[in-house]
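Visitor: Supplied in structure tokens, the structure appears directly below.
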Amino acid sequence: KRPPSLASLRVPVRFSGPMVLTALAYVGYQSADRLYVALWNGIAAAGRYEAAYRIALLVSTVNIVTLHSFNPLYYSAYAKGDREGAAKLLRRSSLQIAAWVVLLVIALPLLVMYTPILEESYRTAPSVLRSIPILALGLGFLGISMLWQSALLAATHAKTVSAVAVAAALLNLVADFILVPRLGEVGAALGTLIAFGFMMTTTILMVRLRRAEN
């Protein structure tokens, strides 16, 4: 067999290249939050924020499980031309994540307060208890965003996905710069919520716009 030519790699590289920027943007979200909190409020505050974030990451488990079950079904329906079935699956999966997020936003602060899941100084820190539901809601927005990104990726709009992710990362930087000096860890959590809320809203709007054009 002949080795693949550079020309044959053009399409995969053109598709995957923007997704590298998307992945870097996700790394930027987490790094910027911790850096701002450490610079403005000290290492102890950064530790409290990290503790809150790790608890809120339970929402990411819901996101991952939902995506793993959603993606094969969605891409299969899309490839068969069943656009209505794919759209219905997208709406139902979004509602599934939303329902779990509502439950976790309520349950996670209670889990921290009444179990030894965190060290005592973290469990009693008001900033930790206030940050957890904000971060959980933000990560829920991220999960719904990733579902709707599948609709763009299926239509080979990787650049759109990347542009939205990078814009959200920049918004997160601006929000952190404004909010962290005033609100500390809670400000960083709000910056995450704003950025992922922007990502979710913009992604949904882009999907609906693409459908209207077609």
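By order of appearance in the structure tokens: chains A, B, ..., then residues from 1 within every chain, and ligands from 1 in the order shown.
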List the spatial neighbours of Val112 of chain A as a ChimeraX atom specification - criterion: any atom at most 12 Å away, only C-alpha atoms, same-chain residues fewer than 6 positions off excluded.
Guide: /A:51-52,54-56,104-106,118-126,128-133
Visitor: Identify which of the residues A:Ala151, A:Val102, A:Val174, A:Leu58 lies closest to Leu209 of chain A, counting only C-alpha atoms when measuring atom-to-atom distances.
Guide: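 Of A:Ala151, A:Val102, A:Val174, A:Leu58, the one nearest Leu209 of chain A, counting only C-alpha atoms, is A:Ala151.
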Visitor: Just how far from atom CA of Gly191 of chain A is atom CA of Leu111 of chain A, in Å to one decimal?
Guide: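 We find that atom CA of Leu111 of chain A and atom CA of Gly191 of chain A lie 23.7 Å from each other.
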Visitor: Just how far from atom CA of Asn41 of chain A is atom CA of Pro181 of chain A, in Å to one decimal?
Guide: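 It comes out at 7.7 Å.
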